[in-house]
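Asker: Questions regarding the structure given below will be posed in turn.
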Amino acid sequence: MRPAWAAINLPALAHNLTVLREHAGAASMLAILKANAYGHGLARIAAELHGADAIGVARLDEALALRNAGVVKPIVLLEGFFDPSQLPILAASGIQPVIHAEYQLLQLEQARGLVQPLKVWLKVDTGMHRLGVPPADAVPFYRRLQACSNVQGEPVLMSHFASADTPQVAQNEAQRQCFDGVQQQLHAVVSFSNSAALLAHVPAHDDWVRPGLALYGVSPFADKSAAQLNLQPVMTLQASVIAIREVAAGEGVGYGAAWHAPERTKVGVLAIGYGDGYPRTAPEGTPVVINGQRYPIKGHVSMDMLTVELGLDSDVKIGDSGQLWGAELPVEEVAKSVGTIPYELLCNVAHRVVLDYNV
Ligand SMILES: Cc1ncc(COP(=O)(O)O)c(C=O)c1O
């Protein structure tokens with residue numbers, strides 16, 4: 001019996017990539033693989049993404065892990081470099097930083113002896129107010145990058161939507177107009193759309209689109225399922241049933257006896273818990289699918305186990321596998337039940353959960 005594992009469906013990944021390519025039209029694709037490819041395994045997912053033009057990650061160690069794994073595609077560092085000591089490493093490994101603040105520009109201008117100049121992306125803050133240079137500074141900033149001897153070619157101009165998952169929100173249009181105002185002065189190569197903007201066709205005039213979540217077969221929208229978007233879930237998180245017990249009416253189950261059986265019933269114990277990244281905050285009733293049927297979680301999720309109520313007539317056996325999310329139970333639904341977003345559930349899948357690509 002296996003404890004917790006995540007089956008990674010690579011044909012589903014390829015399918016999603018094809019679907020996103022269709023939405024992207026002529027735009028190039030920067031596939032977002034940060035946080036261990038949203039929990040799916042960085043190097044392996046990168047190796048499968050033949051149809052992507054470049055890979056985006058958040059941290060230098062993620063980018064270097066990709067290079068060490070033999071990835072030769074362009075790699076973009078979405079938060080750029082954190083201090084000047086990273087610049088020679090970026091140059092040596094051909095990694096492209098996003099420049100989002102003046103301290104980075106100064107460090108880039110002052111760097112000496114890089115083995116080659118860097119391709120860079122310039123991020124403009126069009127309204128998300130997280131990273132990016134103010135729109136009023138963007139043109140002179142861009143010109144300084146163009147003039148910098150440590151910069152190779154033309155910087156890509158980029159921004160990020162705050163609310164693309166709700167396409168009707170006025171902020172999207174305001175951000176786009178702000179971006180267009182900068183772009184009209186620069187005529188740069190541009191990148192704006194994440195999964196939601198790409199799938200909702202928020203007009204962004206991208207030369208580069210940047211999907212993450214949708215690649216993994218997950219819908220970014222509250223009111224549209226992955227299936228409706230023709231996306232297939234890539235990860236199915238599973239665990240074995242390692243014990244089944246009968247409990248009498250009134251008996252408590254698990255830590256703190258948080259749930260008491262209202263009547264005589266059977267409880268199944270699955271070998272997965274918050275030590276595997278399954279959220280402890282999953283409330284009673286969050287479903288687990290075993291043999292095609294849904295069973296509700298009862299009691300607190302513990303570190304290595306969780307319990308579901310099977311009912312007296314259940315034919316679930318020790319050794320059966322339960323599905324925490326994936327092919328038969330959308331991670332979007334579990335996230336909603338838990339009060340979080342699918343991104344967090346996927347990223348939190350722990351190191352000890354075996355990623356199984358042979359499915
Ligand atoms: C700058 C940037 N672009 C693109 C993405 C991909 O977003 P999504 O996973 O919603 O497609 C992210 C992820 O947060 C990001 O930070």
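FYI, nothing fancy with the structure tokens labels: chains A, B, ... in order, residues from 1 per chain, ligands from 1 as they appear.
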For chain A versus ligand 1, which residues have an atom no more than 9 Å away, and what is each residue's nearest atom pair and distance in Å rounded to one decimal, using only C-alpha atoms and all ligand atoms, chain-then-number order, as a tab-separated table?
Answerer:
residue	atom	partner	partner_atom_place_in_ligand_line	distance
A:Leu30	CA	ligand 1	4 (C)	8.3
A:Ala31	CA	ligand 1	6 (C)	8.0
A:Ile32	CA	ligand 1	6 (C)	5.7
A:Leu33	CA	ligand 1	6 (C)	8.6
A:Lys34	CA	ligand 1	13 (C)	7.9
A:Tyr38	CA	ligand 1	9 (O)	8.4
A:Gly56	CA	ligand 1	3 (N)	7.8
A:Val57	CA	ligand 1	16 (O)	8.6
A:Ala58	CA	ligand 1	16 (O)	7.8
A:Leu78	CA	ligand 1	1 (C)	5.8
A:Glu79	CA	ligand 1	1 (C)	7.9
A:Lys123	CA	ligand 1	1 (C)	8.7
A:Leu131	CA	ligand 1	1 (C)	8.9
A:Met158	CA	ligand 1	1 (C)	8.4
A:Ser159	CA	ligand 1	1 (C)	7.3
A:His160	CA	ligand 1	1 (C)	5.7
A:Phe161	CA	ligand 1	3 (N)	8.6
A:Ala164	CA	ligand 1	10 (O)	8.4
A:Asp165	CA	ligand 1	10 (O)	8.1
A:Ser191	CA	ligand 1	3 (N)	8.9
A:Phe192	CA	ligand 1	3 (N)	7.6
A:Ser193	CA	ligand 1	4 (C)	7.0
A:Asn194	CA	ligand 1	11 (O)	4.0
A:Ser195	CA	ligand 1	11 (O)	3.5
A:Ala196	CA	ligand 1	10 (O)	6.1
A:Ala197	CA	ligand 1	11 (O)	8.2
A:Leu198	CA	ligand 1	11 (O)	8.4
A:Val209	CA	ligand 1	4 (C)	8.0
A:Arg210	CA	ligand 1	4 (C)	4.7
A:Pro211	CA	ligand 1	11 (O)	3.9
A:Gly212	CA	ligand 1	9 (O)	3.4
A:Leu213	CA	ligand 1	9 (O)	3.8
A:Ala214	CA	ligand 1	11 (O)	6.1
A:Leu215	CA	ligand 1	11 (O)	7.8
A:Tyr216	CA	ligand 1	9 (O)	9.0
A:Pro220	CA	ligand 1	10 (O)	6.6
A:Tyr343	CA	ligand 1	9 (O)	7.5
Asker: Write the residues of the preceding selection, restricted to C-alpha atoms, as a PDB file, in the first residue's frame.
Answerer:
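Written file, selection33.pdb:
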ATOM      1  CA  LEU A  30       5.953  31.975 -21.114  1.00  0.00           C
ATOM      2  CA  ALA A  31       4.810  28.973 -19.063  1.00  0.00           C
ATOM      3  CA  ILE A  32       4.785  29.727 -15.345  1.00  0.00           C
ATOM      4  CA  LEU A  33       6.465  26.977 -13.322  1.00  0.00           C
ATOM      5  CA  LYS A  34       7.228  28.690 -10.021  1.00  0.00           C
ATOM      6  CA  TYR A  38       2.522  24.638  -8.784  1.00  0.00           C
ATOM      7  CA  GLY A  56       8.858  31.701 -15.780  1.00  0.00           C
ATOM      8  CA  VAL A  57       9.903  31.112 -12.172  1.00  0.00           C
ATOM      9  CA  ALA A  58      10.062  33.330  -9.095  1.00  0.00           C
ATOM     10  CA  LEU A  78       9.569  37.028 -12.354  1.00  0.00           C
ATOM     11  CA  GLU A  79      10.825  38.902  -9.298  1.00  0.00           C
ATOM     12  CA  LYS A 123       7.512  45.497 -15.174  1.00  0.00           C
ATOM     13  CA  LEU A 131       5.763  45.083  -8.192  1.00  0.00           C
ATOM     14  CA  MET A 158       5.148  43.685 -18.937  1.00  0.00           C
ATOM     15  CA  SER A 159       2.457  44.164 -16.335  1.00  0.00           C
ATOM     16  CA  HIS A 160       0.145  41.951 -14.278  1.00  0.00           C
ATOM     17  CA  PHE A 161      -3.640  42.049 -13.856  1.00  0.00           C
ATOM     18  CA  ALA A 164      -8.368  39.020 -14.405  1.00  0.00           C
ATOM     19  CA  ASP A 165     -10.331  36.199 -12.749  1.00  0.00           C
ATOM     20  CA  SER A 191       3.346  40.756 -22.000  1.00  0.00           C
ATOM     21  CA  PHE A 192       0.281  41.074 -19.777  1.00  0.00           C
ATOM     22  CA  SER A 193      -2.001  38.039 -19.625  1.00  0.00           C
ATOM     23  CA  ASN A 194      -2.028  35.327 -16.981  1.00  0.00           C
ATOM     24  CA  SER A 195      -4.344  32.297 -17.326  1.00  0.00           C
ATOM     25  CA  ALA A 196      -7.510  34.197 -16.504  1.00  0.00           C
ATOM     26  CA  ALA A 197      -6.840  37.108 -18.853  1.00  0.00           C
ATOM     27  CA  LEU A 198      -5.894  34.712 -21.632  1.00  0.00           C
ATOM     28  CA  VAL A 209       1.199  35.343 -22.588  1.00  0.00           C
ATOM     29  CA  ARG A 210       2.038  33.963 -19.137  1.00  0.00           C
ATOM     30  CA  PRO A 211      -0.315  31.149 -18.109  1.00  0.00           C
ATOM     31  CA  GLY A 212       0.289  29.211 -14.908  1.00  0.00           C
ATOM     32  CA  LEU A 213      -2.798  27.734 -13.250  1.00  0.00           C
ATOM     33  CA  ALA A 214      -4.596  26.772 -16.453  1.00  0.00           C
ATOM     34  CA  LEU A 215      -1.624  24.732 -17.646  1.00  0.00           C
ATOM     35  CA  TYR A 216      -2.284  22.460 -14.704  1.00  0.00           C
ATOM     36  CA  PRO A 220      -9.114  30.521 -12.547  1.00  0.00           C
ATOM     37  CA  TYR A 343      -3.102  27.629  -6.167  1.00  0.00           C
TER      38      TYR A 343
END
Asker: May I have the residues within 12 Å of segment 148-153 of chain A as number ranges by chain, using only C-alpha atoms and disregarding those fewer than 6 positions away in the same chain?
Answerer: A: 87-88, 90-91, 94-99, 105-122, 141-142, 188-189
Asker: Take the residues from that selection and put them in a file with N, CA, C and O atoms, as a compact mmCIF listing (two decimals), in the first residue's frame.
Answerer:
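again_26.txt was written with the following content:
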# COMPACT_ATOMS: atom_id res chain seq x y z
N LEU A 87 23.85 38.80 -10.29
CA LEU A 87 23.94 39.19 -11.70
C LEU A 87 24.91 38.32 -12.51
O LEU A 87 24.57 37.89 -13.62
N PRO A 88 26.13 38.04 -11.99
CA PRO A 88 27.02 37.17 -12.78
C PRO A 88 26.43 35.79 -13.02
O PRO A 88 26.65 35.18 -14.07
N LEU A 90 23.19 35.09 -13.32
CA LEU A 90 22.18 35.24 -14.37
C LEU A 90 22.84 35.30 -15.75
O LEU A 90 22.39 34.67 -16.71
N ALA A 91 23.92 36.06 -15.81
CA ALA A 91 24.62 36.21 -17.10
C ALA A 91 25.19 34.87 -17.55
O ALA A 91 25.03 34.48 -18.71
N GLY A 94 22.30 32.58 -18.60
CA GLY A 94 21.34 33.09 -19.58
C GLY A 94 19.93 33.19 -19.02
O GLY A 94 18.96 32.81 -19.68
N ILE A 95 19.81 33.68 -17.79
CA ILE A 95 18.50 33.82 -17.16
C ILE A 95 18.08 35.30 -17.25
O ILE A 95 18.89 36.19 -17.02
N GLN A 96 16.81 35.51 -17.59
CA GLN A 96 16.32 36.87 -17.88
C GLN A 96 15.57 37.43 -16.68
O GLN A 96 14.48 36.94 -16.37
N PRO A 97 16.09 38.46 -16.01
CA PRO A 97 15.38 39.00 -14.86
C PRO A 97 14.31 40.01 -15.27
O PRO A 97 14.46 40.75 -16.24
N VAL A 98 13.22 40.02 -14.49
CA VAL A 98 12.26 41.11 -14.57
C VAL A 98 12.83 42.23 -13.69
O VAL A 98 13.20 42.01 -12.54
N ILE A 99 12.88 43.42 -14.25
CA ILE A 99 13.33 44.59 -13.49
C ILE A 99 12.07 45.34 -13.08
O ILE A 99 11.27 45.73 -13.94
N LEU A 105 17.72 48.53 -11.32
CA LEU A 105 18.28 49.25 -12.47
C LEU A 105 19.67 49.78 -12.14
O LEU A 105 20.62 49.61 -12.92
N LEU A 106 19.80 50.37 -10.95
CA LEU A 106 21.10 50.91 -10.56
C LEU A 106 22.15 49.80 -10.47
O LEU A 106 23.28 49.95 -10.94
N GLN A 107 21.76 48.68 -9.88
CA GLN A 107 22.71 47.57 -9.74
C GLN A 107 23.11 47.02 -11.11
O GLN A 107 24.26 46.66 -11.33
N LEU A 108 22.16 47.00 -12.00
CA LEU A 108 22.45 46.53 -13.36
C LEU A 108 23.40 47.50 -14.07
O LEU A 108 24.36 47.09 -14.74
N GLU A 109 23.13 48.79 -13.90
CA GLU A 109 23.99 49.80 -14.54
C GLU A 109 25.41 49.76 -13.99
O GLU A 109 26.37 50.02 -14.69
N GLN A 110 25.51 49.41 -12.69
CA GLN A 110 26.83 49.46 -12.05
C GLN A 110 27.61 48.15 -12.19
O GLN A 110 28.80 48.11 -11.87
N ALA A 111 26.97 47.10 -12.64
CA ALA A 111 27.65 45.79 -12.71
C ALA A 111 28.79 45.84 -13.73
O ALA A 111 28.68 46.47 -14.77
N ARG A 112 29.87 45.17 -13.39
CA ARG A 112 31.04 45.11 -14.28
C ARG A 112 31.43 43.65 -14.51
O ARG A 112 31.33 42.83 -13.60
N GLY A 113 31.91 43.36 -15.69
CA GLY A 113 32.52 42.05 -15.96
C GLY A 113 31.56 40.91 -16.17
O GLY A 113 31.95 39.74 -16.04
N LEU A 114 30.29 41.20 -16.50
CA LEU A 114 29.36 40.09 -16.77
C LEU A 114 29.81 39.37 -18.04
O LEU A 114 30.25 40.02 -19.00
N VAL A 115 29.69 38.06 -18.07
CA VAL A 115 30.18 37.32 -19.25
C VAL A 115 29.37 37.65 -20.50
O VAL A 115 29.85 37.49 -21.61
N GLN A 116 28.14 38.06 -20.30
CA GLN A 116 27.34 38.53 -21.44
C GLN A 116 26.26 39.46 -20.89
O GLN A 116 25.87 39.35 -19.72
N PRO A 117 25.78 40.38 -21.72
CA PRO A 117 24.67 41.22 -21.25
C PRO A 117 23.40 40.39 -21.08
O PRO A 117 23.27 39.30 -21.67
N LEU A 118 22.47 40.90 -20.28
CA LEU A 118 21.25 40.15 -19.95
C LEU A 118 20.07 40.62 -20.78
O LEU A 118 19.90 41.82 -21.00
N LYS A 119 19.25 39.66 -21.20
CA LYS A 119 17.93 40.04 -21.71
C LYS A 119 17.08 40.35 -20.49
O LYS A 119 17.11 39.59 -19.50
N VAL A 120 16.32 41.43 -20.52
CA VAL A 120 15.54 41.81 -19.35
C VAL A 120 14.10 42.12 -19.74
O VAL A 120 13.79 42.41 -20.89
N TRP A 121 13.25 42.05 -18.71
CA TRP A 121 11.85 42.43 -18.83
C TRP A 121 11.63 43.60 -17.89
O TRP A 121 12.18 43.60 -16.78
N LEU A 122 10.85 44.58 -18.29
CA LEU A 122 10.54 45.71 -17.41
C LEU A 122 9.08 45.62 -16.98
O LEU A 122 8.18 45.60 -17.83
N PHE A 141 12.70 54.98 -17.64
CA PHE A 141 13.29 53.75 -17.09
C PHE A 141 13.66 52.79 -18.25
O PHE A 141 14.76 52.22 -18.29
N TYR A 142 12.73 52.66 -19.16
CA TYR A 142 12.95 51.78 -20.32
C TYR A 142 14.14 52.28 -21.14
O TYR A 142 14.98 51.50 -21.58
N ALA A 188 7.13 48.60 -27.58
CA ALA A 188 7.96 47.48 -27.14
C ALA A 188 7.26 46.16 -27.42
O ALA A 188 6.08 46.12 -27.78
N VAL A 189 7.98 45.08 -27.24
CA VAL A 189 7.38 43.74 -27.16
C VAL A 189 6.72 43.68 -25.79
O VAL A 189 7.32 44.08 -24.79
Asker: For Met305 of chain A, find every residue with an atom within 9 Å (counting only C-alpha atoms), except residues of its own chain fewer than 6 positions away, and show them as a PyMOL selection string.
Answerer: chain A and resi 269-275
Asker: Could you tell me how far atom CA of Glu344 of chain A lies from atom CA of Thr286 of chain A, in Å and to one decimal?
Answerer: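 Computing the Euclidean distance for atom CA of Glu344 of chain A and atom CA of Thr286 of chain A yields 16.4 Å.
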Asker: Segment 28-219 of chain A: which residues are strand (DSSP E or B) by DSSP, as an NGL selection string?
Answerer: :A and (28-32 or 54-57 or 75-77 or 95-99 or 118 or 121-124 or 133 or 151 or 156-158 or 189-191 or 208-209)
Asker: Go ahead and save the picked residues with C-alpha atoms, as a compact mmCIF listing (two decimals), in the first residue's frame.
Answerer:
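As written to disk, result_38.txt reads:
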# COMPACT_ATOMS: atom_id res chain seq x y z
CA SER A 28 4.57 33.39 -27.57
CA MET A 29 4.08 31.46 -24.35
CA LEU A 30 5.95 31.97 -21.11
CA ALA A 31 4.81 28.97 -19.06
CA ILE A 32 4.79 29.73 -15.34
CA ALA A 54 10.06 30.13 -22.29
CA ILE A 55 9.64 29.29 -18.61
CA GLY A 56 8.86 31.70 -15.78
CA VAL A 57 9.90 31.11 -12.17
CA ILE A 75 14.02 31.32 -18.29
CA VAL A 76 12.47 34.49 -16.87
CA LEU A 77 12.89 35.39 -13.23
CA ILE A 95 18.50 33.82 -17.16
CA GLN A 96 16.32 36.87 -17.88
CA PRO A 97 15.38 39.00 -14.86
CA VAL A 98 12.26 41.11 -14.57
CA ILE A 99 13.33 44.59 -13.49
CA LEU A 118 21.25 40.15 -19.95
CA TRP A 121 11.85 42.43 -18.83
CA LEU A 122 10.54 45.71 -17.41
CA LYS A 123 7.51 45.50 -15.17
CA VAL A 124 5.16 48.46 -14.96
CA VAL A 133 7.78 50.94 -11.78
CA VAL A 151 21.32 44.80 -21.26
CA VAL A 156 10.08 43.25 -22.90
CA LEU A 157 7.46 45.52 -21.32
CA MET A 158 5.15 43.69 -18.94
CA VAL A 189 7.38 43.74 -27.16
CA VAL A 190 4.70 43.31 -24.46
CA SER A 191 3.35 40.76 -22.00
CA TRP A 208 3.93 36.96 -24.69
CA VAL A 209 1.20 35.34 -22.59
Asker: I'd like the contact shell of Ile244 of chain A - 10 Å cut-off, only C-alpha atoms, skipping same-chain residues fewer than 5 positions apart - returned as a VMD selection string.
Answerer: chain A and resid 266 to 270 307 to 310 316 to 318
Asker: Those same residues, written as a short mmCIF file (atom, residue, chain, number, x, y, z; two decimals), in the first residue's frame with N, CA, C and O atoms?
Answerer:
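Everything below was put into again.cif:
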data_model
loop_
_atom_site.label_atom_id
_atom_site.label_comp_id
_atom_site.auth_asym_id
_atom_site.auth_seq_id
_atom_site.Cartn_x
_atom_site.Cartn_y
_atom_site.Cartn_z
N LYS A 266 -19.22 3.40 10.18
CA LYS A 266 -17.83 3.00 9.93
C LYS A 266 -17.03 4.23 9.47
O LYS A 266 -17.54 5.09 8.75
N VAL A 267 -15.78 4.22 9.92
CA VAL A 267 -14.88 5.32 9.59
C VAL A 267 -13.69 4.74 8.84
O VAL A 267 -13.15 3.70 9.23
N GLY A 268 -13.28 5.40 7.76
CA GLY A 268 -12.08 5.00 7.03
C GLY A 268 -10.95 5.98 7.31
O GLY A 268 -11.17 7.19 7.39
N VAL A 269 -9.74 5.43 7.49
CA VAL A 269 -8.57 6.27 7.78
C VAL A 269 -7.69 6.28 6.53
O VAL A 269 -7.28 5.22 6.05
N LEU A 270 -7.41 7.47 6.00
CA LEU A 270 -6.54 7.60 4.82
C LEU A 270 -5.18 8.12 5.24
O LEU A 270 -5.07 8.99 6.12
N THR A 307 -9.76 11.18 8.46
CA THR A 307 -10.83 10.19 8.59
C THR A 307 -12.06 10.63 7.81
O THR A 307 -12.43 11.81 7.81
N VAL A 308 -12.67 9.64 7.17
CA VAL A 308 -13.93 9.90 6.45
C VAL A 308 -14.99 8.96 7.01
O VAL A 308 -14.69 7.84 7.45
N GLU A 309 -16.23 9.43 6.96
CA GLU A 309 -17.33 8.54 7.38
C GLU A 309 -17.74 7.71 6.17
O GLU A 309 -18.08 8.25 5.11
N LEU A 310 -17.71 6.37 6.36
CA LEU A 310 -18.05 5.47 5.25
C LEU A 310 -19.50 5.02 5.30
O LEU A 310 -20.08 4.68 4.27
N VAL A 316 -16.01 -0.16 0.99
CA VAL A 316 -14.61 0.30 0.92
C VAL A 316 -13.74 -0.64 1.75
O VAL A 316 -14.12 -1.05 2.84
N LYS A 317 -12.57 -1.01 1.19
CA LYS A 317 -11.67 -1.96 1.85
C LYS A 317 -10.33 -1.29 2.16
O LYS A 317 -9.94 -0.32 1.49
N ILE A 318 -9.64 -1.88 3.11
CA ILE A 318 -8.27 -1.46 3.36
C ILE A 318 -7.47 -1.68 2.07
O ILE A 318 -7.61 -2.71 1.42
#
Asker: Name the residues of segment 100-298 of chain A that come out as helix (DSSP H, G or I) in a backbone DSSP run; write them as a ChimeraX atom specification.
Answerer: /A:102-110,135-147,170-186,195-199,213-216,227-229,255-257,274-276
